[in-house]
Each structure stands twice: as C-alpha cells, then as structure tokens.
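Student: Provided herewith: protein.pdb, PDB, C-alpha atoms and all ligand atoms.
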ATOM      1  CA  VAL A 235      22.033 -24.796 -37.191
ATOM      2  CA  LYS A 236      22.360 -21.134 -36.682
ATOM      3  CA  ARG A 237      21.490 -19.985 -33.200
ATOM      4  CA  HIS A 238      20.420 -16.572 -32.181
ATOM      5  CA  TYR A 239      21.042 -15.514 -28.656
ATOM      6  CA  PHE A 240      19.075 -12.722 -27.192
ATOM      7  CA  PHE A 241      20.402 -11.090 -24.102
ATOM      8  CA  VAL A 242      17.796  -9.256 -22.136
ATOM      9  CA  LEU A 243      19.302  -6.680 -19.863
ATOM     10  CA  PRO A 244      17.422  -5.980 -16.675
ATOM     11  CA  ILE A 245      15.968  -2.535 -16.745
ATOM     12  CA  LEU A 246      16.633  -0.715 -13.512
ATOM     13  CA  CYS A 247      13.920   1.729 -12.900
ATOM     14  CA  CYS A 248      14.170   4.899 -10.991
ATOM     15  CA  VAL A 249      13.437   4.562  -7.319
ATOM     16  CA  GLY A 250      11.476   7.542  -6.096
ATOM     17  CA  ALA A 251      11.711   8.912  -2.584
ATOM     18  CA  ALA A 252       7.966   8.767  -2.052
ATOM     19  CA  ALA A 253       5.410   6.330  -3.334
ATOM     20  CA  GLN A 254       3.810   7.637  -6.480
ATOM     21  CA  SER A 255       0.236   7.046  -7.430
ATOM     22  CA  GLY A 256      -0.106   4.500 -10.193
ATOM     23  CA  LYS A 257       3.031   2.707  -9.035
ATOM     24  CA  VAL A 258       2.918  -1.022  -8.243
ATOM     25  CA  ASP A 259       4.926  -2.402  -5.338
ATOM     26  CA  PHE A 260       5.514  -6.136  -5.620
ATOM     27  CA  TYR A 261       7.227  -8.243  -2.952
ATOM     28  CA  THR A 262       8.255 -11.755  -3.963
ATOM     29  CA  ALA A 263       8.666 -14.522  -1.395
ATOM     30  CA  ALA A 264      12.411 -14.440  -2.121
ATOM     31  CA  ASP A 265      12.537 -10.670  -1.536
ATOM     32  CA  LEU A 266      10.753 -11.031   1.809
ATOM     33  CA  ALA A 267      13.080 -13.883   2.826
ATOM     34  CA  SER A 268      16.146 -11.725   2.173
ATOM     35  CA  ARG A 269      14.566  -8.782   4.017
ATOM     36  CA  GLU A 270      13.903 -11.077   6.975
ATOM     37  CA  LYS A 271      17.539 -12.160   6.953
ATOM     38  CA  ALA A 272      18.668  -8.512   6.928
ATOM     39  CA  LEU A 273      16.325  -7.624   9.807
ATOM     40  CA  GLY A 274      17.703 -10.581  11.776
ATOM     41  CA  LEU A 275      21.071  -8.835  11.832
ATOM     42  CA  LYS A 276      19.505  -5.643  13.188
ATOM     43  CA  LEU A 277      17.409  -7.086  16.016
ATOM     44  CA  ASP A 278      17.173  -4.716  18.960
ATOM     45  CA  ALA A 279      18.414  -6.672  21.983
ATOM     46  CA  SER A 280      15.873  -5.216  24.410
ATOM     47  CA  THR A 281      12.742  -5.404  22.250
ATOM     48  CA  GLY A 282      13.824  -8.482  20.281
ATOM     49  CA  SER A 283      12.423  -6.910  17.137
ATOM     50  CA  ALA A 284      13.434  -5.065  14.002
ATOM     51  CA  GLY A 285      11.330  -3.564  11.293
ATOM     52  CA  SER A 286      11.244  -1.134   8.461
ATOM     53  CA  THR A 287       8.621   0.944   6.733
ATOM     54  CA  LEU A 288       8.482  -0.140   3.100
ATOM     55  CA  GLU A 289       6.249   2.530   1.559
ATOM     56  CA  LYS A 290       3.966   5.360   2.592
ATOM     57  CA  TYR A 291       0.738   6.080   0.720
ATOM     58  CA  PRO A 292      -1.910   8.784   1.237
ATOM     59  CA  HIS A 293      -4.020   6.722   3.704
ATOM     60  CA  HIS A 294      -1.886   3.711   4.580
ATOM     61  CA  LEU A 295       1.650   2.465   4.882
ATOM     62  CA  THR A 296       3.380  -0.895   4.627
ATOM     63  CA  MET A 297       5.988  -2.372   6.950
ATOM     64  CA  PHE A 298       7.965  -5.576   7.347
ATOM     65  CA  ILE A 299       8.748  -6.673  10.904
ATOM     66  CA  LEU A 300      10.662  -9.516  12.540
ATOM     67  CA  ARG A 301      10.102 -10.395  16.201
ATOM     68  CA  GLU A 302      11.874 -12.841  18.466
ATOM     69  CA  LYS A 303      10.249 -11.491  21.648
ATOM     70  CA  SER A 304       6.668 -10.589  22.490
ATOM     71  CA  GLY A 305       5.618  -7.061  21.667
ATOM     72  CA  GLN A 306       3.960  -4.508  23.908
ATOM     73  CA  SER A 307       0.197  -4.317  23.894
ATOM     74  CA  GLU A 308      -0.984  -1.564  21.581
ATOM     75  CA  MET A 309      -4.111   0.233  20.553
ATOM     76  CA  HIS A 310      -4.510   2.583  17.599
ATOM     77  CA  ALA A 311      -7.641   4.736  17.820
ATOM     78  CA  LYS A 312      -7.656   5.693  14.127
ATOM     79  CA  VAL A 313      -5.566   3.042  12.401
ATOM     80  CA  ALA A 314      -6.413  -0.554  11.469
ATOM     81  CA  ASP A 315      -3.634  -3.155  11.235
ATOM     82  CA  VAL A 316      -3.474  -5.946   8.659
ATOM     83  CA  PHE A 317      -0.831  -8.596   9.408
ATOM     84  CA  ILE A 318       0.272 -11.087   6.765
ATOM     85  CA  ALA A 319       2.335 -13.851   8.386
ATOM     86  CA  VAL A 320       5.439 -14.508   6.298
ATOM     87  CA  ASP A 321       7.543 -16.801   8.500
ATOM     88  CA  GLY A 322       7.528 -18.395  11.953
ATOM     89  CA  SER A 323       4.566 -18.222  14.299
ATOM     90  CA  ALA A 324       3.014 -16.042  16.985
ATOM     91  CA  GLU A 325      -0.008 -15.792  19.224
ATOM     92  CA  LEU A 326      -2.109 -12.732  18.571
ATOM     93  CA  TRP A 327      -4.130 -11.643  21.571
ATOM     94  CA  THR A 328      -6.921  -9.131  21.002
ATOM     95  CA  GLY A 329      -9.468  -7.383  23.189
ATOM     96  CA  GLY A 330      -9.312  -7.410  26.967
ATOM     97  CA  LYS A 331      -7.734  -4.644  28.980
ATOM     98  CA  MET A 332      -4.392  -2.963  28.317
ATOM     99  CA  LEU A 333      -2.115  -3.106  31.359
ATOM    100  CA  GLN A 334      -0.144  -0.013  32.386
ATOM    101  CA  SER A 335      -1.415   1.735  29.315
ATOM    102  CA  LYS A 336       0.231   4.994  28.274
ATOM    103  CA  THR A 337      -0.611   7.413  25.488
ATOM    104  CA  THR A 338       2.594   7.540  23.440
ATOM    105  CA  GLU A 339       1.329   9.930  20.774
ATOM    106  CA  PRO A 340      -2.108  11.192  19.729
ATOM    107  CA  ASN A 341      -4.497   8.234  19.193
ATOM    108  CA  GLU A 342      -1.771   5.726  20.135
ATOM    109  CA  GLU A 343      -1.562   3.694  23.349
ATOM    110  CA  ARG A 344       1.059   1.204  24.453
ATOM    111  CA  GLY A 345       0.981  -1.077  27.478
ATOM    112  CA  GLU A 346       2.817  -3.903  29.194
ATOM    113  CA  GLY A 347       0.380  -6.599  28.169
ATOM    114  CA  LEU A 348      -3.282  -7.516  27.995
ATOM    115  CA  GLU A 349      -5.527  -8.870  30.694
ATOM    116  CA  GLY A 350      -8.112 -11.212  29.225
ATOM    117  CA  GLY A 351      -8.744 -11.068  25.522
ATOM    118  CA  THR A 352      -8.800 -13.883  23.025
ATOM    119  CA  LYS A 353      -6.008 -15.649  21.183
ATOM    120  CA  VAL A 354      -5.466 -16.755  17.611
ATOM    121  CA  SER A 355      -2.342 -18.561  16.405
ATOM    122  CA  LEU A 356      -0.676 -17.034  13.382
ATOM    123  CA  GLU A 357       1.368 -19.192  11.032
ATOM    124  CA  LYS A 358       2.973 -18.540   7.674
ATOM    125  CA  GLY A 359       0.272 -17.516   5.178
ATOM    126  CA  ASP A 360      -2.291 -16.393   7.768
ATOM    127  CA  ILE A 361      -3.801 -12.926   7.495
ATOM    128  CA  VAL A 362      -5.525 -10.932  10.213
ATOM    129  CA  HIS A 363      -7.280  -7.546  10.199
ATOM    130  CA  ILE A 364      -7.417  -5.685  13.509
ATOM    131  CA  ALA A 365      -9.911  -2.839  13.468
ATOM    132  CA  ALA A 366      -8.981   0.543  14.944
ATOM    133  CA  GLY A 367      -9.669   0.734  18.663
ATOM    134  CA  VAL A 368      -9.020  -2.966  19.385
ATOM    135  CA  PRO A 369      -6.212  -3.610  21.904
ATOM    136  CA  HIS A 370      -3.767  -6.248  20.628
ATOM    137  CA  GLN A 371      -0.465  -7.916  21.428
ATOM    138  CA  LEU A 372       1.784 -10.382  19.602
ATOM    139  CA  ARG A 373       3.328 -13.009  21.850
ATOM    140  CA  ILE A 374       6.268 -15.064  20.664
ATOM    141  CA  ALA A 375       7.161 -18.395  22.264
ATOM    142  CA  PRO A 376      10.675 -18.604  23.793
ATOM    143  CA  GLY A 377      13.134 -19.359  20.975
ATOM    144  CA  GLY A 378      10.497 -18.552  18.381
ATOM    145  CA  HIS A 379      10.328 -15.916  15.704
ATOM    146  CA  PHE A 380       7.672 -14.260  13.620
ATOM    147  CA  ALA A 381       8.139 -12.266  10.414
ATOM    148  CA  TYR A 382       5.138 -10.376   9.092
ATOM    149  CA  PHE A 383       4.103  -7.872   6.487
ATOM    150  CA  VAL A 384       1.942  -5.067   7.873
ATOM    151  CA  VAL A 385      -0.515  -2.700   6.261
ATOM    152  CA  LYS A 386      -1.379   0.180   8.597
ATOM    153  CA  SER A 387      -4.502   1.816   7.297
ATOM    154  CA  GLN A 388      -6.031   5.106   8.391
ATOM    155  CA  GLU A 389      -9.722   4.566   9.097
ATOM    156  CA  ILE A 390     -11.790   6.892   6.949
ATOM    157  CA  ASN A 391     -15.190   7.969   8.247
TER
HETATM  158 ZN    ZN B 401      -0.792  -2.554  16.028
END
In structure tokens, what does this structure look like?
Ligand SMILES: [Zn+2]

Tutor:
Amino acid sequence: VKRHYFFVLPILCCVGAAAQSGKVDFYTAADLASREKALGLKLDASTGSAGSTLEKYPHHLTMFILREKSGQSEMHAKVADVFIAVDGSAELWTGGKMLQSKTTEPNEERGEGLEGGTKVSLEKGDIVHIAAGVPHQLRIAPGGHFAYFVVKSQEIN
C-alpha cells in the first residue's frame, strides 16, 4: 500500500497594528486559558487585577481581564459594558449610589464602592450587558478569581 502524506504548514498571517475592517478576531477557549495564565503572572498587588486591551474598533474595543480582588465602582456615561465570564466567579452589583465618586476622565467616574444596588452572580459562561450610565462594581470573594472578556461599546444616539 502506497501512502501519501500531506504536510500542511500553518500559515502565519500578518498581524496589523490596528484592527482592520473585514478582519475576524477569534478567541478559542484554549487561547483565553493561556491569556488568563499570563495575566496571573502580571497581577497588580494593590488592585489584584491585570488586563489587556485585545483590539480597538471604530465604536468599541475588547479586553480580557483577571481579578483576584474586588474592583472599584465605576460608571461610564457614554459606554456600555458587556462582560463574558470565562473563568471563576464574581458578584456584579449594579445601580445604587457610588461612594466617594470622582470623575477620572470625561464621562468616566470611579468610586470606592456602591451603596444599595442589586447583585447578580457571574459564573463561567454567563454574559451581562451594563448600559451606559449604570453604576457597577465587581466583587470577588476572598481567595476567589474572575476572568472575563469585555466588550466596551460606545453608545450611539
Ligand atoms: Zn465598567
């Protein structure tokens, strides 16, 4: 029996500096797991988080973030957040009042927490959309961690 072996060489495509229209960005579960591992090595000791912007597009951008400590409360006047839970778990608190709120840049507020508000629990596979103007905070249980993919989308109207 004569056998033919075909070797398919991976084609490495050119990586552009900026996202190009018509381009498709695909993140496999394995890719996200290795990104999470890399972020784990870069955790900021004081914030207990690390993250990176993946791509920027005309009206939105994507990020991947790992947290081992609760975040600040935040409010984006013109930007909606979509979180896709990739690993671990967190409580997402929304609404209520931002405590010690400061304007950090135009249309952006950060605070030390939220008073009141409502909670949802986020686990791997959960997705949440937070409309612009809604105060929110991710809280991580002691010893816990939460890795999530983020789409930050400019509200158009
Ligand atoms: Zn946010």

Student: What does the structure give for the distance between atom CA of Gly330 of chain A and atom CA of Gly367 of chain A, in Å to one decimal?

Tutor: 11.6 Å

Student: Set the cut-off to 7 Å, count all atoms listed in the file, and list whatever residues fall near ligand ZN 401 (chain B) as a PyMOL selection string.

Tutor: chain A and resi 308-310+315+370

Student: Between atom CA of Leu372 of chain A and atom CA of Gln306 of chain A, what is the spacing in Å?

Tutor: 7.6 Å

Student: Would you mind reading off the distance between atom CA of Gln388 of chain A and atom CA of His294 of chain A, one decimal, in Å?

Tutor: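 Distance reported for this atom pair: 5.8 Å.
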
Student: For the provided coordinates, the residues matched by the PyMOL selection byres (((chain A and resi 360) around 10) and not hetatm) should be stated as a compact mmCIF listing (two decimals) with C-alpha atoms, in the frame of the given file.

Tutor:
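Saved result, expr10.txt, follows:
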# COMPACT_ATOMS: atom_id res chain seq x y z
CA PHE A 317 -0.83 -8.60 9.41
CA ILE A 318 0.27 -11.09 6.76
CA ALA A 319 2.34 -13.85 8.39
CA VAL A 320 5.44 -14.51 6.30
CA ASP A 321 7.54 -16.80 8.50
CA SER A 323 4.57 -18.22 14.30
CA SER A 355 -2.34 -18.56 16.40
CA LEU A 356 -0.68 -17.03 13.38
CA GLU A 357 1.37 -19.19 11.03
CA LYS A 358 2.97 -18.54 7.67
CA GLY A 359 0.27 -17.52 5.18
CA ILE A 361 -3.80 -12.93 7.50
CA VAL A 362 -5.52 -10.93 10.21
CA TYR A 382 5.14 -10.38 9.09

Student: Going by the chain IDs and residue numbers used in this file, which residues fall under the PyMOL selection byres (((chain A and resi 334-347) around 12) and not hetatm)? Write them as number ranges by chain.

Tutor: A: 304-314, 326-333, 348-351, 366-373, 388-389

Student: Do you know which residues the PyMOL selection byres (((chain A and resi 284) around 8) and not hetatm) returns on this file, as a PyMOL selection string?

Tutor: chain A and resi 273-274+276-278+282-283+285-286+299-301

Student: Rank A:Leu288, A:Pro376, A:Thr352, A:Glu325 by their smallest atom-to-atom distance to Leu266 of chain A, using only C-alpha atoms, and report the top residue only.

Tutor: A:Leu288

Student: From the options A:Phe383, A:Lys353, A:Gly378, A:Glu302, which residue's atoms come nearest to Ser280 of chain A, counting all atoms listed in the file?

Tutor: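 Checking each candidate against Ser280 of chain A, we get A:Glu302 as the closest.
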
Student: Quick one: of A:Tyr291, A:Phe298, A:His379, A:Ile364, who's nearest to Lys257 of chain A, counting all atoms listed in the file?

Tutor: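 For Lys257 of chain A, the nearest of the given residues is A:Tyr291.
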
Student: Ranking A:Lys303, A:Lys271, A:His293, A:His363 by minimum distance to Gly377 of chain A and counting all atoms listed in the file, which one comes first?

Tutor: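 Going through A:Lys303, A:Lys271, A:His293, A:His363 one by one, the smallest distance to Gly377 of chain A is for A:Lys303.
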
Student: Restricting the calculation to all atoms listed in the file, which member of A:Leu275, A:Pro292, A:Met297, A:Ala375 is positioned closest to Tyr261 of chain A?

Tutor: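 Answer, going by the shortest atom-to-atom distance: A:Met297.
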